[in-house]
Structures are given as structure tokens and as C-alpha cells.
Amino acid sequence: MKNNRYSPSIVRYYDAIMKAGYYNHRDIALILQKILKNRKKILELGVGTGLLAKELIKSGYAVSGIDFTKSMIERAEKRLTGRVKLFLQDVSLLDTKEKYDAAISEGGPWLFLRRGRSLNLQSHIKDFEKNISALKRVSDHLNKNGLLALNIQPMHQNIDGLIIGKKLEYSQRIKTQARWIEKEYIVKRWKKRVAYQKSIYRLFSKKEEMELFHKGGFTSSHTDKSGSFMIFRKNK
Ligand SMILES: C[S@@+](CC[C@H](N)C(=O)[O-])C[C@H]1O[C@@H](n2cnc3c(N)ncnc32)[C@H](O)[C@@H]1O
């Protein structure tokens, strides 16, 4: 099955979509500070255009970032100008030859969706075993007592015509099944489509989720006080 690399057209409008209220990266960095405490060497999985990485370096973290979308990494390079080590890599082949105190994914390869009172793991990686090997690679890149923090966000919603710039509108269309979510991202300028992306995400049951993290080298999870991140600890 095709992977979810972002199309160059949607990457061109990524920052505009984010800045129209999708995520608030300053607030996320402040929440992460409370989670990370004295863990200073951080790996961001799915660094995107570097919006969160920029806030993290402002707060004094040493940040590296990986992303499998070339146009995202190119934008991150421009934004971060050598202050973050960037790698064009798929997390399933993660290999930076360094160890970190924590890995974080904010809307990256893995995240949790809030559905009523439960939290559902969502992954960009469709294959079950490949998720395990990718998590193993992440845990192998962590120091003793290393943490993995995955953001928690509301269930995806349809969005219609959110204004993201002059004559620029963003819409998203969601189709949900028990094990899959299809998400279409559409940008229109003067009502004419200028960017499009379709991503398919895998969802896991609680039992599968526990097996994934256990086999991937992580133990006990808990949510942070703000309810924004699910936190896993590297196995001893
Ligand atoms: C929604 S963006 C989030 C970017 C950034 N973390 C932020 O907060 O703005 C998700 C990013 O994860 C990347 N990504 C998704 N799956 C990945 C994978 N398997 N390996 C590496 N990067 C991945 C995508 O290319 C994309 O840039």
C-alpha cells in the first residue's frame, strides 16, 4: 500500500494551515517542557516544516528531526538554518547513529485520537509488524530511562472552507472505518483547487496497541497532566 508522504503541493500551504489554528506550537512546547524535565536531547519524529522544533530549541533543547517527506525537510532546513540536525528518513528505517533522552511525535508517524472517553492509536504505517520494527528502532535510539511522547488530539473532523490566506481556503474530508481513517486535504485559491493530499491511517485496538508497544520496546503508558500526550518509557 502507498505510504503517506505529503504531496509538494500541500506542503507549500502546510504552515498557512497550521497557523490558521490547527496546532499551537508554542503551547505544545511549553507542555513538553513539563514532560521532558531535564531530558535535553530530543528526537522529533515527523518534524515537518520545523514549527515545533523551532519552539523547542528556543526553550534550550538540542533537537534532531526526521521526516520522510523531502519537501517538508527542505522547508525545515530553511526555517531552522543548521540549529537542528535533520534527516530525510522513514521512521521504519530510523538510523541517526545517535541516542536521545526522548522521542516525540506531534501529528507525526504515531498519535492518539480521542474518541469519546477512549484513546485510539493512529499510525501512518499500515503494516502491524512494520509498526513494531519502527518502534524498536525508536527505542534503540533512546538512552536509559528514555521517553516516547505521542500527542493526543481530537478525532478528525470535516472542515469546510477555513480561510488560511487571501482568497485561500482549506477543507478536509474524513472517512472513518473500524481500522482505517481516510483523510483528504484540499486547498483552493479563488475557488480553484491548488493542493491536494489523501492519506490513509491505520487504527489499532487496545489489545493490538499493547502488543505493539510491548514488542517495540516500551513499557507502561500514562497521559501527561494536561491530557495532551501519551507517554511511554523505554524498557529497562
Ligand atoms: C502533520 S505533520 C507534523 C509536523 C510537525 N511535527 C508539526 O508539529 O508541525 C506530520 C509529519 O510526519 C511525517 N511522517 C509521517 N509518517 C512518517 C514516517 N513513517 N517517517 C517519517 N516521517 C513521517 C510527515 O511527512 C509529516 O511531515
# chains A, B, ... in the order shown; residues from 1 in each chain; ligands from 1

$ select_by_dssp --residues "region 6-205 of chain A" --states "helix (DSSP H, G or I)" --output "compact mmCIF listing (two decimals) with N, CA and C atoms, in the first residue's frame"
# COMPACT_ATOMS: atom_id res chain seq x y z
N PRO A 8 4.08 17.69 -2.56
CA PRO A 8 4.71 19.02 -2.51
C PRO A 8 3.67 20.14 -2.52
N SER A 9 2.52 19.91 -3.20
CA SER A 9 1.52 21.00 -3.26
C SER A 9 0.97 21.29 -1.87
N ILE A 10 0.66 20.25 -1.09
CA ILE A 10 0.07 20.51 0.24
C ILE A 10 1.14 21.06 1.19
N VAL A 11 2.40 20.62 0.99
CA VAL A 11 3.49 21.13 1.86
C VAL A 11 3.62 22.65 1.69
N ARG A 12 3.39 23.13 0.45
CA ARG A 12 3.50 24.58 0.17
C ARG A 12 2.56 25.37 1.09
N TYR A 13 1.40 24.78 1.44
CA TYR A 13 0.41 25.51 2.25
C TYR A 13 0.38 25.02 3.71
N TYR A 14 1.30 24.12 4.04
CA TYR A 14 1.27 23.49 5.38
C TYR A 14 1.31 24.54 6.51
N ASP A 15 2.25 25.47 6.43
CA ASP A 15 2.39 26.46 7.51
C ASP A 15 1.14 27.33 7.61
N ALA A 16 0.58 27.68 6.47
CA ALA A 16 -0.64 28.52 6.48
C ALA A 16 -1.78 27.77 7.16
N ILE A 17 -1.88 26.47 6.90
CA ILE A 17 -2.96 25.68 7.53
C ILE A 17 -2.72 25.62 9.05
N MET A 18 -1.45 25.36 9.43
CA MET A 18 -1.13 25.26 10.85
C MET A 18 -1.42 26.58 11.57
N LYS A 19 -1.01 27.67 10.92
CA LYS A 19 -1.15 28.98 11.58
C LYS A 19 -2.60 29.45 11.63
N ALA A 20 -3.48 28.79 10.85
CA ALA A 20 -4.91 29.16 10.92
C ALA A 20 -5.58 28.49 12.12
N GLY A 21 -4.79 27.85 12.98
CA GLY A 21 -5.35 27.35 14.24
C GLY A 21 -5.33 25.85 14.42
N TYR A 22 -4.60 25.14 13.57
CA TYR A 22 -4.58 23.68 13.67
C TYR A 22 -3.87 23.23 14.97
N HIS A 25 2.03 25.65 18.34
CA HIS A 25 3.32 25.01 18.64
C HIS A 25 4.00 25.59 19.88
N ARG A 26 3.74 26.87 20.19
CA ARG A 26 4.35 27.45 21.40
C ARG A 26 3.78 26.75 22.63
N ASP A 27 2.46 26.61 22.66
CA ASP A 27 1.81 25.95 23.81
C ASP A 27 2.26 24.49 23.92
N ILE A 28 2.41 23.82 22.77
CA ILE A 28 2.83 22.41 22.80
C ILE A 28 4.24 22.30 23.39
N ALA A 29 5.12 23.24 23.00
CA ALA A 29 6.50 23.21 23.53
C ALA A 29 6.48 23.42 25.05
N LEU A 30 5.58 24.27 25.53
CA LEU A 30 5.51 24.51 26.99
C LEU A 30 5.04 23.26 27.72
N ILE A 31 4.08 22.55 27.11
CA ILE A 31 3.60 21.29 27.71
C ILE A 31 4.73 20.27 27.71
N LEU A 32 5.47 20.21 26.61
CA LEU A 32 6.57 19.24 26.52
C LEU A 32 7.66 19.52 27.56
N GLN A 33 7.89 20.80 27.84
CA GLN A 33 8.91 21.14 28.86
C GLN A 33 8.60 20.46 30.18
N LYS A 34 7.29 20.43 30.53
CA LYS A 34 6.88 19.83 31.81
C LYS A 34 7.08 18.32 31.76
N ILE A 35 6.91 17.72 30.59
CA ILE A 35 7.04 16.27 30.46
C ILE A 35 8.52 15.88 30.44
N LEU A 36 9.31 16.66 29.70
CA LEU A 36 10.70 16.26 29.44
C LEU A 36 11.62 16.54 30.64
N LEU A 51 8.10 23.65 12.70
CA LEU A 51 7.41 24.63 13.56
C LEU A 51 7.57 24.33 15.05
N LEU A 52 7.44 23.04 15.41
CA LEU A 52 7.60 22.67 16.82
C LEU A 52 9.08 22.67 17.21
N ALA A 53 9.92 22.15 16.31
CA ALA A 53 11.37 22.09 16.59
C ALA A 53 11.89 23.50 16.91
N LYS A 54 11.39 24.49 16.19
CA LYS A 54 11.84 25.88 16.41
C LYS A 54 11.50 26.33 17.83
N GLU A 55 10.31 25.98 18.29
CA GLU A 55 9.92 26.36 19.66
C GLU A 55 10.75 25.59 20.69
N LEU A 56 11.09 24.34 20.37
CA LEU A 56 11.85 23.53 21.33
C LEU A 56 13.28 24.07 21.47
N ILE A 57 13.88 24.48 20.36
CA ILE A 57 15.26 25.00 20.50
C ILE A 57 15.24 26.33 21.26
N LYS A 58 14.18 27.11 21.08
CA LYS A 58 14.06 28.37 21.85
C LYS A 58 14.07 28.08 23.34
N LYS A 70 10.41 14.82 1.54
CA LYS A 70 11.56 15.66 1.19
C LYS A 70 11.22 17.16 1.25
N SER A 71 10.06 17.53 0.71
CA SER A 71 9.73 18.96 0.67
C SER A 71 9.51 19.52 2.08
N MET A 72 9.09 18.67 3.03
CA MET A 72 8.95 19.11 4.43
C MET A 72 10.34 19.41 4.99
N ILE A 73 11.26 18.46 4.79
CA ILE A 73 12.63 18.64 5.32
C ILE A 73 13.28 19.90 4.71
N GLU A 74 13.04 20.13 3.42
CA GLU A 74 13.64 21.31 2.78
C GLU A 74 13.14 22.60 3.44
N ARG A 75 11.83 22.62 3.77
CA ARG A 75 11.29 23.81 4.44
C ARG A 75 11.84 23.93 5.86
N ALA A 76 11.98 22.78 6.53
CA ALA A 76 12.53 22.80 7.89
C ALA A 76 13.98 23.33 7.86
N GLU A 77 14.74 22.91 6.84
CA GLU A 77 16.13 23.39 6.73
C GLU A 77 16.17 24.91 6.63
N LYS A 78 15.26 25.46 5.82
CA LYS A 78 15.22 26.94 5.66
C LYS A 78 14.87 27.60 6.99
N ARG A 79 13.89 27.03 7.68
CA ARG A 79 13.42 27.64 8.93
C ARG A 79 14.47 27.54 10.03
N LEU A 80 15.15 26.41 10.11
CA LEU A 80 15.97 26.13 11.29
C LEU A 80 17.46 26.40 11.08
N VAL A 91 10.63 6.58 9.60
CA VAL A 91 10.88 6.09 10.97
C VAL A 91 11.09 4.57 10.98
N SER A 92 10.52 3.87 10.00
CA SER A 92 10.73 2.41 9.99
C SER A 92 12.17 2.04 9.63
N LEU A 93 12.93 3.02 9.12
CA LEU A 93 14.35 2.77 8.82
C LEU A 93 15.23 3.71 9.64
N PHE A 128 1.23 -4.09 10.59
CA PHE A 128 1.37 -4.28 12.04
C PHE A 128 2.84 -4.53 12.43
N GLU A 129 3.47 -5.51 11.75
CA GLU A 129 4.86 -5.87 12.09
C GLU A 129 5.81 -4.69 11.84
N LYS A 130 5.52 -3.92 10.80
CA LYS A 130 6.38 -2.78 10.49
C LYS A 130 6.29 -1.71 11.60
N ASN A 131 5.11 -1.60 12.22
CA ASN A 131 4.98 -0.69 13.35
C ASN A 131 5.87 -1.14 14.50
N ILE A 132 5.92 -2.47 14.72
CA ILE A 132 6.75 -2.98 15.81
C ILE A 132 8.22 -2.68 15.51
N SER A 133 8.66 -2.98 14.27
CA SER A 133 10.09 -2.77 14.00
C SER A 133 10.43 -1.28 14.04
N ALA A 134 9.49 -0.42 13.63
CA ALA A 134 9.77 1.03 13.70
C ALA A 134 9.88 1.47 15.17
N LEU A 135 8.97 0.97 16.03
CA LEU A 135 9.04 1.34 17.45
C LEU A 135 10.34 0.83 18.07
N LYS A 136 10.76 -0.38 17.64
CA LYS A 136 12.04 -0.92 18.15
C LYS A 136 13.20 0.00 17.78
N ARG A 137 13.18 0.48 16.54
CA ARG A 137 14.25 1.40 16.12
C ARG A 137 14.24 2.65 17.00
N VAL A 138 13.03 3.15 17.31
CA VAL A 138 12.95 4.34 18.17
C VAL A 138 13.52 4.01 19.55
N SER A 139 13.10 2.87 20.12
CA SER A 139 13.59 2.57 21.49
C SER A 139 15.10 2.34 21.48
N ASP A 140 15.64 1.76 20.39
CA ASP A 140 17.10 1.58 20.30
C ASP A 140 17.84 2.92 20.22

$ select_by_dssp --residues "region 54-101 of chain A" --states "strand (DSSP E or B)" --output "number ranges by chain"
A: 62-67, 85-88, 100-101

$ write_last_selection --atoms "C-alpha atoms" --output "mmCIF file, in the first residue's frame"
data_model
loop_
_atom_site.group_PDB
_atom_site.id
_atom_site.type_symbol
_atom_site.label_atom_id
_atom_site.label_comp_id
_atom_site.auth_asym_id
_atom_site.auth_seq_id
_atom_site.Cartn_x
_atom_site.Cartn_y
_atom_site.Cartn_z
ATOM 1 C CA ALA A 62 19.099 20.027 21.475
ATOM 2 C CA VAL A 63 16.791 18.798 18.742
ATOM 3 C CA SER A 64 17.180 16.377 15.855
ATOM 4 C CA GLY A 65 14.334 15.711 13.457
ATOM 5 C CA ILE A 66 13.449 13.079 10.914
ATOM 6 C CA ASP A 67 10.826 13.165 8.208
ATOM 7 C CA LYS A 85 20.048 18.100 12.819
ATOM 8 C CA LEU A 86 17.645 16.981 10.092
ATOM 9 C CA PHE A 87 17.400 13.557 8.460
ATOM 10 C CA LEU A 88 15.313 12.572 5.441
ATOM 11 C CA TYR A 100 18.369 10.687 22.660
ATOM 12 C CA ASP A 101 16.699 11.325 26.014
#

$ closest_residue --among "A:Asn151, A:Gln197, A:Asn158, A:Ser171" --to "Asp224 (chain A)" --atoms "only C-alpha atoms"
A:Asn151

$ atom_distance --atom1 "CA of Lys175 (chain A)" --atom2 "atom 15 (C, counted along the ligand's line) of ligand 1"
18.9 Å

$ atom_distance --atom1 "atom 17 (C, counted along the ligand's line) of ligand 1" --atom2 "CA of Ser118 (chain A)"
23.9 Å

$ closest_residue --among "A:Tyr61, A:Tyr23, A:Tyr6, A:Phe232" --to "Lys40 (chain A)" --atoms "only C-alpha atoms"
A:Tyr61

$ residues_around --residues "Ser221 (chain A)" --least-positions-apart "4" --cutoff "8 Å" --atoms "only C-alpha atoms" --output "PyMOL selection string"
chain A and resi 230-233

$ write_last_selection --atoms "C-alpha atoms" --output "PDB file, in the first residue's frame"
ATOM      1  CA  MET A 230       0.624   9.744  25.894  1.00  0.00           C
ATOM      2  CA  ILE A 231       3.992   8.908  27.393  1.00  0.00           C
ATOM      3  CA  PHE A 232       5.864   5.595  27.148  1.00  0.00           C
ATOM      4  CA  ARG A 233       9.068   4.577  28.877  1.00  0.00           C
TER       5      ARG A 233
END

$ closest_residue --among "A:Val84, A:Leu212, A:Leu203, A:Val187" --to "Asp160 (chain A)" --atoms "only C-alpha atoms"
A:Val187

$ atom_distance --atom1 "CA of Tyr185 (chain A)" --atom2 "CA of Tyr170 (chain A)"
7.5 Å

$ closest_residue --among "A:Lys37, A:His124, A:His156, A:His214" --to "Thr176 (chain A)" --atoms "only C-alpha atoms"
A:His156
